[in-house]
Amino acid sequence: MNSISSDNTFRRVAIEETVVTPPPIQKDFSLKEFIQKHIEKGSINECVINLCIISFGVGLLALPQKVQYVSLTFAPILIIICAVINYWTFTVLGEAARKLKVNKYEDIVAALFSPCFSYFFIFVMCFGLFGVIILFQVILYKFIGGIINEVFAYGFVNMEIFSLGSFWSERHVRLLVCYGLALFVFVPLGMIKTISQMRYVTAFGIFSIFLIIFIVVIQCPWFFYHNCIEKITGMKVNILNLREGFRSDLKFITSISTIIYAYECHAAIFPVINSLTNPTEERVNTVFRRATTINAISYIVITLAGYLSQPEHTPDLILEREKIDYTDYLMTFGLILFSLTIMTKIGALFNCLRCLLLNIMKFDTDNYPTSVNVIMIITVFSITTFVAATFQNISDYISLIGSFYGLFIAVVMPGIIYMKFDDRPLYKKYYAFIFILVFCSIGALTVYFTLKKIFDL
């Protein structure tokens with residue numbers, strides 16, 4: 001009996017050991033679950049994405065054009081130098097916020113300077129954000145025109161000609177389209193009260209930007225071969241020639257303003273950081289470091305690939321480059337994506353502008369009446385949309401405002417704040433003072449030569 005019992009026990013154990021546990025059931029991929037897992041509310045990844053999507057924009061697409069003046073060799077160097085400056089200014093503002101126990105850029109200025117200067121600072125920030133929102137609406141209208149030209153095969157060479165020489169240039173069409181976008185797109189985005197509530201929208205925006213960079217990169221060899229090798233008189237690549245950049249209009253110097261402006265998102269860092277869970281110094285600096293690194297790598301890649309696609313007569317925005325075939329479906333897809341991304345950026349920029357306006361009106365930015373938000377939405381988008389629809393040729397004017405605003409907010413002001421604290425060594429204050437003078441000079445030159453171009457002096 002004992003023998004039989006032990007044999008049965010052995011068989012039972014053997015059977016149990018041979019039982020194979022079935023693999024877990026694989027769930028279908030869900031974009032929502034992926035975003036919730038990797039871009040959780042208040043996480044470092046969410047804050048990094050928000051900072052990147054706010055800084056990515058017109059500056060990103062304008063960088064390839066500047067290689068004509070700074071050369072293929074110096075362009076990546078300048079982008080890296082500006083990235084280091086950008087990270088330093090981020091940390092200066094973060095440190096100042098911790099020392100003064102405030103969580104807004106304008107509150108730092110109010111605590112360190114006179115009330116008059118504080119109101120001037122807020123005015124510059126509001127004025128700059130108004131200008132950038134107008135600029136984005138102008139570009140969005142232009143890009144939508146380019147998409148219509150391609151999809152419906154109107155036959156215009158590029159979107160610029162279509163915007164100026166077709167029904168798309170008629171005033172009533174501009175008003176109808178721009179106000180339609182404001183009503184059905186910008187107003188709903190404006191109703192989102194915090195940046196953290198836009199994480200799905202901003203995730204799409206960052207995906208769109210990287211897809212556009214990918215399109216420019218994979219098309220680069222094809223365009224380079226066609227423009228620089230296949231043609232009998234191929235385009236010449238500026239590898240190390242700085243003479244063009246140091247002619248009478250000093251394009252090398254003014255190009256630095258564009259690179260700095262490409263990184264600018266300083267007005268938005270506090271709404272973003274305020275949404276960060278456990279905002280310790282280490283976590284905040286991690287957000288700054290990752291966002292700046294992603295920006296720098298993206299800028300270098302699209303700058304080199306975009307410029308090599310069309311080394312001569314590089315357009316102001318690389319998406320406007322000359323086509324090789326009759327229709328460039330891939331770039332048309334990129335235009336659609338970037339148009340959607342601009343919409344998300346306008347929503348994020350309005351969020352920053354709203355915080356400033358609430359501060360002026362002495363409202364709590366975390367708890368304010370919905371009626372106040374509705375009034376601000378109607379006022380801001382009524383004004384910006386009217387200007388964008390009425391004055392389509394204002395890109396130079398808004399770029400001028402953006403350059404001044406970007407340098408003041410992103411470089412000069414953080415340098416002044418750095419000097420205001422008494423615990424800085426004297427020699428570091430001298431370095432900061434020289435740093436401020438250099439970029440004030442760059443800003444002044446940019447303003448001068450832009451005005452010279454506008455008024456054809």
# chains A, B, ... in the order shown; residues from 1 in each chain; ligands from 1
call {"tool": "residues_around", "arguments": {"residues": "segment 137-142 of chain A", "least_positions_apart": "5", "cutoff": "7 Å", "atoms": "only C-alpha atoms", "output": "list in words"}}
result
Met159, Ser163, Ser339, Ile342, Ala388 and Gln392 of chain A
call {"tool": "write_last_selection", "arguments": {"atoms": "N, CA and C atoms", "output": "mmCIF file, in the first residue's frame"}}
result
data_model
loop_
_atom_site.group_PDB
_atom_site.id
_atom_site.type_symbol
_atom_site.label_atom_id
_atom_site.label_comp_id
_atom_site.auth_asym_id
_atom_site.auth_seq_id
_atom_site.Cartn_x
_atom_site.Cartn_y
_atom_site.Cartn_z
ATOM 1 N N MET A 159 3.118 77.726 -51.642
ATOM 2 C CA MET A 159 2.028 78.286 -50.851
ATOM 3 C C MET A 159 2.057 79.811 -50.806
ATOM 4 N N SER A 163 -1.141 82.012 -51.633
ATOM 5 C CA SER A 163 -1.703 82.922 -50.634
ATOM 6 C C SER A 163 -1.875 84.329 -51.163
ATOM 7 N N SER A 339 0.281 72.249 -38.970
ATOM 8 C CA SER A 339 -0.879 73.131 -38.778
ATOM 9 C C SER A 339 -1.633 72.747 -37.511
ATOM 10 N N ILE A 342 0.455 73.879 -34.529
ATOM 11 C CA ILE A 342 0.321 75.313 -34.268
ATOM 12 C C ILE A 342 -0.940 75.588 -33.470
ATOM 13 N N ALA A 388 -4.653 89.214 -37.480
ATOM 14 C CA ALA A 388 -4.085 88.181 -38.345
ATOM 15 C C ALA A 388 -4.820 88.096 -39.680
ATOM 16 N N GLN A 392 -2.153 90.331 -43.393
ATOM 17 C CA GLN A 392 -1.461 89.070 -43.637
ATOM 18 C C GLN A 392 0.037 89.250 -43.864
#
call {"tool": "residues_around", "arguments": {"residues": "Pro315 of chain A", "least_positions_apart": "6", "cutoff": "10 Å", "atoms": "only C-alpha atoms", "output": "VMD selection string"}}
result
chain A and resid 61 to 62 64 to 66 306 to 307 321 to 322
call {"tool": "write_last_selection", "arguments": {"atoms": "C-alpha atoms", "output": "JSON list (two decimals), in the first residue's frame"}}
result
[["chain", "number", "residue", "atom", "x", "y", "z"],
["A", 61, "LEU", "CA", 11.46, 75.84, -39.07],
["A", 62, "ALA", "CA", 13.42, 79.08, -39.57],
["A", 64, "PRO", "CA", 17.82, 76.02, -41.82],
["A", 65, "GLN", "CA", 17.61, 79.39, -43.58],
["A", 66, "LYS", "CA", 20.20, 80.86, -41.18],
["A", 306, "GLY", "CA", 16.72, 71.32, -44.02],
["A", 307, "TYR", "CA", 19.63, 73.40, -45.27],
["A", 321, "ARG", "CA", 11.05, 74.77, -49.89],
["A", 322, "GLU", "CA", 10.82, 74.26, -53.65]]
call {"tool": "closest_atom_pairs", "arguments": {"of": "segment 238-331 of chain A", "to": "segment 41-56 of chain A", "cutoff": "6 Å", "atoms": "only C-alpha atoms", "output": "Markdown table"}}
result
| residue | atom | partner | partner_atom | distance |
| --- | --- | --- | --- | --- |
| A:Tyr263 | CA | A:Ser55 | CA | 5.5 |
| A:Glu264 | CA | A:Ser55 | CA | 5.7 |
| A:Cys265 | CA | A:Ser55 | CA | 5.2 |
| A:Val272 | CA | A:Cys47 | CA | 5.8 |
| A:Ser275 | CA | A:Gly42 | CA | 5.3 |
| A:Leu276 | CA | A:Gly42 | CA | 4.3 |
| A:Thr277 | CA | A:Gly42 | CA | 4.8 |
| A:Val287 | CA | A:Val48 | CA | 5.4 |
| A:Ala291 | CA | A:Val48 | CA | 5.1 |
call {"tool": "residues_around", "arguments": {"residues": "Phe252 of chain A", "least_positions_apart": "4", "cutoff": "9 Å", "atoms": "only C-alpha atoms", "output": "ChimeraX atom specification"}}
result
/A:66,69-70,242,244-247,256
call {"tool": "residues_around", "arguments": {"residues": "segment 109-123 of chain A", "least_positions_apart": "4", "cutoff": "8 Å", "atoms": "only C-alpha atoms", "output": "PyMOL selection string"}}
result
chain A and resi 100+105+127+356+417+420
call {"tool": "write_last_selection", "arguments": {"atoms": "N, CA and C atoms", "output": "PDB file, in the first residue's frame"}}
result
ATOM      1  N   LEU A 100      12.994  83.217  -3.322  1.00  0.00           N
ATOM      2  CA  LEU A 100      11.966  84.214  -3.019  1.00  0.00           C
ATOM      3  C   LEU A 100      10.638  83.586  -2.640  1.00  0.00           C
ATOM      4  N   TYR A 105       7.101  83.979 -12.935  1.00  0.00           N
ATOM      5  CA  TYR A 105       8.177  84.838 -13.458  1.00  0.00           C
ATOM      6  C   TYR A 105       7.938  86.286 -13.030  1.00  0.00           C
ATOM      7  N   PHE A 127       2.486  91.710 -24.364  1.00  0.00           N
ATOM      8  CA  PHE A 127       2.629  92.204 -25.727  1.00  0.00           C
ATOM      9  C   PHE A 127       3.305  91.156 -26.613  1.00  0.00           C
ATOM     10  N   LEU A 356      -0.898  85.673 -16.852  1.00  0.00           N
ATOM     11  CA  LEU A 356      -0.440  87.055 -16.695  1.00  0.00           C
ATOM     12  C   LEU A 356      -1.614  88.008 -16.495  1.00  0.00           C
ATOM     13  N   ILE A 417      18.394  89.332 -13.159  1.00  0.00           N
ATOM     14  CA  ILE A 417      17.961  88.671 -11.926  1.00  0.00           C
ATOM     15  C   ILE A 417      19.149  87.993 -11.242  1.00  0.00           C
ATOM     16  N   LYS A 420      21.110  90.413  -9.178  1.00  0.00           N
ATOM     17  CA  LYS A 420      20.427  91.066  -8.063  1.00  0.00           C
ATOM     18  C   LYS A 420      20.685  90.390  -6.716  1.00  0.00           C
TER      19      LYS A 420
END
call {"tool": "residues_around", "arguments": {"residues": "Ala296 of chain A", "least_positions_apart": "4", "cutoff": "9 Å", "atoms": "only C-alpha atoms", "output": "ChimeraX atom specification"}}
result
/A:76,79-80,82-83,263,291-292,300-301
call {"tool": "closest_residue", "arguments": {"among": "A:Thr327, A:Asn86, A:Ser257, A:Thr384", "to": "Phe156 of chain A", "atoms": "only C-alpha atoms"}}
result
A:Thr327
call {"tool": "atom_distance", "arguments": {"atom1": "atom CA of Gly57 of chain A", "atom2": "atom CA of Gly165 of chain A"}}
result
26.3 Å
call {"tool": "closest_atom_pairs", "arguments": {"of": "segment 64-128 of chain A", "to": "segment 221-237 of chain A", "cutoff": "10 Å", "atoms": "only C-alpha atoms", "output": "Markdown table"}}
result
| residue | atom | partner | partner_atom | distance |
| --- | --- | --- | --- | --- |
| A:Val67 | CA | A:Val237 | CA | 9.5 |
| A:Gln68 | CA | A:Val237 | CA | 8.4 |
| A:Ser71 | CA | A:Val237 | CA | 8.5 |
| A:Leu72 | CA | A:Val237 | CA | 8.0 |
call {"tool": "select_by_dssp", "arguments": {"residues": "segment 78-272 of chain A", "states": "helix (DSSP H, G or I)", "output": "ChimeraX atom specification"}}
result
/A:78-100,105-112,115-151,159-165,167-169,171-190,195-230,244-246,251-263,266-272
call {"tool": "closest_residue", "arguments": {"among": "A:Leu60, A:Gly190, A:Asn238, A:Thr254", "to": "Gln310 of chain A", "atoms": "only C-alpha atoms"}}
result
A:Asn238
call {"tool": "residues_around", "arguments": {"residues": "segment 379-382 of chain A", "least_positions_apart": "5", "cutoff": "9 Å", "atoms": "only C-alpha atoms", "output": "PyMOL selection string"}}
result
chain A and resi 130+133+179+182-183+186-187+350+374+387
call {"tool": "write_last_selection", "arguments": {"atoms": "N, CA, C and O atoms", "output": "CSV table (one decimal), in the first residue's frame"}}
result
chain,number,residue,atom,x,y,z
A,130,PHE,N,0.9,88.2,-27.2
A,130,PHE,CA,-0.1,88.6,-28.2
A,130,PHE,C,0.5,88.6,-29.6
A,130,PHE,O,-0.2,88.0,-30.5
A,133,ILE,N,1.0,84.9,-30.8
A,133,ILE,CA,-0.3,84.3,-31.2
A,133,ILE,C,-0.8,84.8,-32.5
A,133,ILE,O,-1.3,84.0,-33.4
A,179,TYR,N,-11.8,83.5,-38.3
A,179,TYR,CA,-12.7,83.5,-37.2
A,179,TYR,C,-13.4,82.1,-37.1
A,179,TYR,O,-13.8,81.7,-35.9
A,182,ALA,N,-10.9,80.3,-34.9
A,182,ALA,CA,-11.0,80.9,-33.6
A,182,ALA,C,-12.2,80.3,-32.8
A,182,ALA,O,-12.0,79.9,-31.6
A,183,LEU,N,-13.3,80.2,-33.5
A,183,LEU,CA,-14.5,79.8,-32.8
A,183,LEU,C,-14.5,78.3,-32.5
A,183,LEU,O,-14.9,77.9,-31.4
A,186,PHE,N,-9.7,77.5,-31.3
A,186,PHE,CA,-9.0,78.2,-30.2
A,186,PHE,C,-9.8,78.4,-29.0
A,186,PHE,O,-9.3,78.4,-27.9
A,187,VAL,N,-11.1,78.7,-29.2
A,187,VAL,CA,-12.0,78.9,-28.0
A,187,VAL,C,-12.1,77.7,-27.2
A,187,VAL,O,-11.9,77.7,-25.9
A,350,PHE,N,-1.9,80.8,-25.0
A,350,PHE,CA,-3.0,81.5,-24.4
A,350,PHE,C,-3.1,81.2,-22.9
A,350,PHE,O,-3.4,82.0,-22.1
A,374,VAL,N,-14.0,83.3,-19.9
A,374,VAL,CA,-14.8,83.5,-21.2
A,374,VAL,C,-14.5,84.9,-21.7
A,374,VAL,O,-14.3,85.0,-22.9
A,387,VAL,N,-6.5,91.0,-36.4
A,387,VAL,CA,-5.2,91.5,-36.9
A,387,VAL,C,-4.6,90.5,-37.8
A,387,VAL,O,-4.1,90.9,-38.9
call {"tool": "residues_around", "arguments": {"residues": "Gly334 of chain A", "least_positions_apart": "5", "cutoff": "8 Å", "atoms": "only C-alpha atoms", "output": "number ranges by chain"}}
result
A: 208, 211-212, 215, 319
call {"tool": "write_last_selection", "arguments": {"atoms": "N, CA and C atoms", "output": "CSV table (one decimal), in the first residue's frame"}}
result
chain,number,residue,atom,x,y,z
A,208,SER,N,3.9,65.2,-33.7
A,208,SER,CA,3.8,65.8,-35.0
A,208,SER,C,5.1,66.5,-35.4
A,211,LEU,N,7.7,63.9,-36.2
A,211,LEU,CA,7.4,63.3,-37.5
A,211,LEU,C,7.8,64.3,-38.7
A,212,ILE,N,7.6,65.6,-38.5
A,212,ILE,CA,8.0,66.6,-39.5
A,212,ILE,C,9.5,66.5,-39.6
A,215,ILE,N,10.4,63.6,-41.7
A,215,ILE,CA,10.1,63.8,-43.1
A,215,ILE,C,11.3,64.6,-43.7
A,319,LEU,N,9.4,74.3,-44.5
A,319,LEU,CA,8.3,73.6,-45.2
A,319,LEU,C,7.9,74.3,-46.5
call {"tool": "closest_residue", "arguments": {"among": "A:Ile273, A:Ile192, A:Val151, A:Lys251", "to": "Asp328 of chain A", "atoms": "only C-alpha atoms"}}
result
A:Val151
call {"tool": "atom_distance", "arguments": {"atom1": "atom CA of Thr385 of chain A", "atom2": "atom CA of Phe136 of chain A"}}
result
10.2 Å
